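Asker: One structure, pasted below without further comment.
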Amino acid sequence: MDKRSLLGRIVKIYPAIQALISGEATTSEDRGLLVSWDSLLRRRSEYTELVQKKIPENSKEIAVARSYGDLRENHEYKAAKEMQKILMKRKAELEMDLTRARGTDFADVSTSSVNPGTRVRVKELSQQKDEIYTILGAWDSDPESGIISYLSPFAKNLISKSVGDTFEMTQDHEVRKYLIESIEPHQHTFKHAGLHEDDAEDATPAVGQEVQA
């Protein structure tokens with residue numbers, strides 16, 4: 001079984017790792033990431049599960065597969081080693097993101113212009129259609145509810161603009177023009193509103209925990 005076949009089997013079992021294999025995983029900007037406390041705790045929980053469960057389990061799988069001997073034709077060993085690369089890559093990505101992350105509940109956000117933590121009503125001018133977007137943290141995204149990350153292309157066109165400003169977006173190979181009609185504080189309910197960094201640190205283990213691979 002070649003490497004491509006092994007990766008295909010891994011993706012079939014763990015579909016979520018497709019983005020990691022293809023290099024499509026979201027990368028963070030060099031500056032700090034503004035994130036909601038809810039999304040920060042979710043990301044830290046993912047890291048905890050990775051270093052305390054998934055990586056140790058993978059290490060055991062490698063050891064068991066190695067015991068079968070003849071590593072050149074040992075498909076179980078090759079598959080486990082490929083999974084190890086994926087897990088360690090994700091671990092490094094999470095550590096980088098979590099080191100940059102700054103948690104917030106977007107309280108007391110300024111509405112003089114569009115900022116993370118604001119709810120914005122825009123009008124798509126060609127069809128005179130109103131749309132509402134809530135701009136939250138780097139890891140917040142729920143398109144069906146109109147929640148978008150401030151790092152998304154659409155939000156980047158909105159940030160720092162004021163009521164009455166217009167902007168253009170290319171969507172489906174068509175340039176569309178929008179008018180900002182109103183800006184108000186977000187109405188999203190966070191499970192961990194009012195959390196502080198010390199509380200978040202207590203909720204999850206520290207980043208950078210050493211793992212035996």
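In the structure tokens, chains take letters A, B, ... by order of appearance, with residues numbered from 1 within each chain and ligands from 1 in the order shown.
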Please list as JSON, numbers by chain every residue within 10 Å of Val64 (chain A), counting only C-alpha atoms and excluding residues in the same chain fewer than 4 positions away.
Answerer: {"A": [58, 59, 60, 68, 69, 76, 77, 80]}
Asker: Please, could you write that set of residues out with all heavy atoms as an mmCIF file, in the first residue's frame?
Answerer:
data_model
loop_
_atom_site.group_PDB
_atom_site.id
_atom_site.type_symbol
_atom_site.label_atom_id
_atom_site.label_comp_id
_atom_site.auth_asym_id
_atom_site.auth_seq_id
_atom_site.Cartn_x
_atom_site.Cartn_y
_atom_site.Cartn_z
ATOM 1 N N ASN A 58 -1.920 7.220 19.697
ATOM 2 C CA ASN A 58 -1.171 6.993 18.464
ATOM 3 C C ASN A 58 0.200 6.397 18.759
ATOM 4 O O ASN A 58 0.676 5.515 18.028
ATOM 5 C CB ASN A 58 -1.032 8.309 17.696
ATOM 6 C CG ASN A 58 -0.125 8.203 16.492
ATOM 7 O OD1 ASN A 58 0.994 8.712 16.514
ATOM 8 N ND2 ASN A 58 -0.586 7.555 15.438
ATOM 9 N N SER A 59 0.843 6.855 19.829
ATOM 10 C CA SER A 59 2.150 6.311 20.203
ATOM 11 C C SER A 59 2.042 4.822 20.526
ATOM 12 O O SER A 59 2.924 4.028 20.165
ATOM 13 C CB SER A 59 2.710 7.071 21.408
ATOM 14 O OG SER A 59 2.948 8.428 21.084
ATOM 15 N N LYS A 60 0.958 4.441 21.186
ATOM 16 C CA LYS A 60 0.741 3.025 21.497
ATOM 17 C C LYS A 60 0.522 2.223 20.219
ATOM 18 O O LYS A 60 1.024 1.101 20.074
ATOM 19 C CB LYS A 60 -0.462 2.873 22.427
ATOM 20 C CG LYS A 60 -0.240 3.427 23.828
ATOM 21 C CD LYS A 60 -1.486 3.268 24.685
ATOM 22 C CE LYS A 60 -1.284 3.857 26.075
ATOM 23 N NZ LYS A 60 -2.512 3.747 26.912
ATOM 24 N N TYR A 68 5.119 -5.979 15.116
ATOM 25 C CA TYR A 68 4.808 -6.969 14.091
ATOM 26 C C TYR A 68 6.014 -7.280 13.212
ATOM 27 O O TYR A 68 6.016 -8.261 12.480
ATOM 28 C CB TYR A 68 3.663 -6.476 13.203
ATOM 29 C CG TYR A 68 2.356 -6.260 13.937
ATOM 30 C CD1 TYR A 68 1.417 -5.340 13.474
ATOM 31 C CD2 TYR A 68 2.054 -6.970 15.094
ATOM 32 C CE1 TYR A 68 0.223 -5.140 14.140
ATOM 33 C CE2 TYR A 68 0.864 -6.775 15.769
ATOM 34 C CZ TYR A 68 -0.051 -5.851 15.289
ATOM 35 O OH TYR A 68 -1.231 -5.650 15.947
ATOM 36 N N GLY A 69 7.040 -6.399 13.273
ATOM 37 C CA GLY A 69 8.262 -6.628 12.516
ATOM 38 C C GLY A 69 8.157 -6.220 11.058
ATOM 39 O O GLY A 69 7.092 -5.837 10.572
ATOM 40 N N GLU A 76 0.210 -1.277 8.957
ATOM 41 C CA GLU A 76 -0.303 -0.685 10.194
ATOM 42 C C GLU A 76 0.691 0.331 10.751
ATOM 43 O O GLU A 76 0.309 1.409 11.219
ATOM 44 C CB GLU A 76 -0.574 -1.775 11.240
ATOM 45 C CG GLU A 76 -1.766 -2.658 10.942
ATOM 46 C CD GLU A 76 -1.420 -3.776 9.972
ATOM 47 O OE1 GLU A 76 -0.247 -3.851 9.524
ATOM 48 O OE2 GLU A 76 -2.325 -4.574 9.653
ATOM 49 N N TYR A 77 1.970 -0.004 10.677
ATOM 50 C CA TYR A 77 3.005 0.907 11.172
ATOM 51 C C TYR A 77 3.055 2.182 10.330
ATOM 52 O O TYR A 77 3.116 3.297 10.858
ATOM 53 C CB TYR A 77 4.364 0.204 11.145
ATOM 54 C CG TYR A 77 5.518 1.085 11.574
ATOM 55 C CD1 TYR A 77 5.753 1.344 12.916
ATOM 56 C CD2 TYR A 77 6.364 1.659 10.626
ATOM 57 C CE1 TYR A 77 6.803 2.155 13.317
ATOM 58 C CE2 TYR A 77 7.420 2.474 11.015
ATOM 59 C CZ TYR A 77 7.634 2.715 12.357
ATOM 60 O OH TYR A 77 8.672 3.529 12.748
ATOM 61 N N ALA A 80 0.064 4.385 11.092
ATOM 62 C CA ALA A 80 0.190 5.025 12.402
ATOM 63 C C ALA A 80 1.206 6.163 12.360
ATOM 64 O O ALA A 80 1.016 7.209 12.991
ATOM 65 C CB ALA A 80 0.588 3.992 13.453
#
Asker: Quick one: everything within 6 Å of region 116-122 of chain A, counting only C-alpha atoms, minus sequence neighbours fewer than 3 positions away in the same chain. Send it as a list in words.
Answerer: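 Here the answer would be Phe106, Asp130, Glu131, Ile132, Tyr133, Thr134, Ile135, Leu136, Tyr150, Leu179, Ile180, Glu181, Ser182, Ile183, Glu184, Pro185 and His186 of chain A.
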Asker: Only N, CA and C atoms, please: the residues just picked out, written as a PDB file, in the first residue's frame.
Answerer:
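This went into part-v5.pdb:
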ATOM      1  N   PHE A 106     -16.251  40.959  24.135  1.00  0.00           N
ATOM      2  CA  PHE A 106     -16.639  42.092  23.289  1.00  0.00           C
ATOM      3  C   PHE A 106     -17.577  43.062  24.008  1.00  0.00           C
ATOM      4  N   ASP A 130     -31.540  43.793   2.397  1.00  0.00           N
ATOM      5  CA  ASP A 130     -30.876  44.005   3.682  1.00  0.00           C
ATOM      6  C   ASP A 130     -30.269  42.702   4.199  1.00  0.00           C
ATOM      7  N   GLU A 131     -29.072  42.813   4.758  1.00  0.00           N
ATOM      8  CA  GLU A 131     -28.396  41.665   5.357  1.00  0.00           C
ATOM      9  C   GLU A 131     -27.807  42.108   6.694  1.00  0.00           C
ATOM     10  N   ILE A 132     -27.808  41.213   7.679  1.00  0.00           N
ATOM     11  CA  ILE A 132     -27.289  41.533   9.008  1.00  0.00           C
ATOM     12  C   ILE A 132     -26.152  40.576   9.355  1.00  0.00           C
ATOM     13  N   TYR A 133     -25.047  41.142   9.820  1.00  0.00           N
ATOM     14  CA  TYR A 133     -23.883  40.345  10.190  1.00  0.00           C
ATOM     15  C   TYR A 133     -23.413  40.726  11.594  1.00  0.00           C
ATOM     16  N   THR A 134     -23.083  39.713  12.379  1.00  0.00           N
ATOM     17  CA  THR A 134     -22.458  39.929  13.679  1.00  0.00           C
ATOM     18  C   THR A 134     -20.996  39.549  13.543  1.00  0.00           C
ATOM     19  N   ILE A 135     -20.120  40.513  13.786  1.00  0.00           N
ATOM     20  CA  ILE A 135     -18.685  40.291  13.603  1.00  0.00           C
ATOM     21  C   ILE A 135     -18.064  39.970  14.954  1.00  0.00           C
ATOM     22  N   LEU A 136     -17.548  38.756  15.081  1.00  0.00           N
ATOM     23  CA  LEU A 136     -16.968  38.328  16.356  1.00  0.00           C
ATOM     24  C   LEU A 136     -15.503  37.933  16.171  1.00  0.00           C
ATOM     25  N   TYR A 150     -13.937  38.286  12.295  1.00  0.00           N
ATOM     26  CA  TYR A 150     -13.422  39.580  11.835  1.00  0.00           C
ATOM     27  C   TYR A 150     -12.288  39.413  10.832  1.00  0.00           C
ATOM     28  N   LEU A 179     -24.134  49.090   1.152  1.00  0.00           N
ATOM     29  CA  LEU A 179     -24.236  50.309   1.949  1.00  0.00           C
ATOM     30  C   LEU A 179     -24.411  49.918   3.412  1.00  0.00           C
ATOM     31  N   ILE A 180     -23.623  50.518   4.299  1.00  0.00           N
ATOM     32  CA  ILE A 180     -23.757  50.252   5.731  1.00  0.00           C
ATOM     33  C   ILE A 180     -24.884  51.121   6.282  1.00  0.00           C
ATOM     34  N   GLU A 181     -25.920  50.473   6.808  1.00  0.00           N
ATOM     35  CA  GLU A 181     -27.111  51.187   7.278  1.00  0.00           C
ATOM     36  C   GLU A 181     -27.104  51.431   8.783  1.00  0.00           C
ATOM     37  N   SER A 182     -26.583  50.481   9.552  1.00  0.00           N
ATOM     38  CA  SER A 182     -26.572  50.666  11.007  1.00  0.00           C
ATOM     39  C   SER A 182     -25.479  49.816  11.637  1.00  0.00           C
ATOM     40  N   ILE A 183     -25.017  50.276  12.808  1.00  0.00           N
ATOM     41  CA  ILE A 183     -24.006  49.556  13.590  1.00  0.00           C
ATOM     42  C   ILE A 183     -24.458  49.580  15.044  1.00  0.00           C
ATOM     43  N   GLU A 184     -24.501  48.422  15.677  1.00  0.00           N
ATOM     44  CA  GLU A 184     -24.906  48.344  17.075  1.00  0.00           C
ATOM     45  C   GLU A 184     -24.113  47.249  17.775  1.00  0.00           C
ATOM     46  N   PRO A 185     -24.129  47.218  19.114  1.00  0.00           N
ATOM     47  CA  PRO A 185     -23.414  46.147  19.823  1.00  0.00           C
ATOM     48  C   PRO A 185     -24.004  44.784  19.470  1.00  0.00           C
ATOM     49  N   HIS A 186     -23.170  43.775  19.484  1.00  0.00           N
ATOM     50  CA  HIS A 186     -23.645  42.427  19.164  1.00  0.00           C
ATOM     51  C   HIS A 186     -24.692  41.974  20.178  1.00  0.00           C
TER      52      HIS A 186
END
Asker: Could you pull out the helix (DSSP H, G or I) residues of region 17-207 of chain A from DSSP and send them as a ChimeraX atom specification?
Answerer: /A:17-22,37-66,71-73,75-100,143-145,153-158,197-203
Asker: Quick check, in Å to one decimal: how far apart do CA of His188 (chain A) and CA of Ile147 (chain A) lie?
Answerer: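 Distance between the two atoms: 8.8 Å.
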Asker: Using Å and a single decimal, report how far CA of Leu40 (chain A) sits from CA of Asp142 (chain A).
Answerer: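 Atom-to-atom, CA of Asp142 (chain A) and CA of Leu40 (chain A) are spaced 15.7 Å apart.
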Asker: Give the strand (DSSP E) residues of region 92-176 of chain A, as assigned by DSSP on the backbone, as JSON, numbers by chain.
Answerer: {"A": [101, 102, 103, 104, 118, 119, 120, 121, 122, 123, 124, 129, 130, 131, 132, 133, 134, 135, 136, 147, 148, 149, 166, 167, 168, 169, 170, 171, 174, 175, 176]}
Asker: For the atom pair CA of Leu158 (chain A) and CA of Val114 (chain A), what is the interatomic distance in Å to one decimal place?
Answerer: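 Result for CA of Leu158 (chain A) versus CA of Val114 (chain A): 6.2 Å, one decimal.
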Asker: Compile the contact shell of Phe167 (chain A) as a ChimeraX atom specification: residues with an atom at most 7 Å away, counting only C-alpha atoms, same-chain residues fewer than 2 positions apart removed.
Answerer: /A:157,165,169,177-179
Asker: For a quick check of understanding, using only C-alpha atoms, which of A:Ala63, A:Thr111, A:Leu94, A:Glu144 has the smallest distance to Ile159 (chain A)?
Answerer: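 Selected residue with least distance to Ile159 (chain A): A:Thr111.
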Asker: Given only C-alpha atoms as the basis, pick out the residue of A:Lys161, A:Arg102, A:Arg72, A:Arg176 nearest to Trp37 (chain A).
Answerer: A:Arg102
Asker: Do a neighbour search on region 32-35 of chain A at 10 Å with only C-alpha atoms, toss out local chain neighbours closer than 3 positions, and write the hits as a VMD selection string.
Answerer: chain A and resid 28 to 29 38 to 41 97 to 106 116 136 to 140 149 to 151
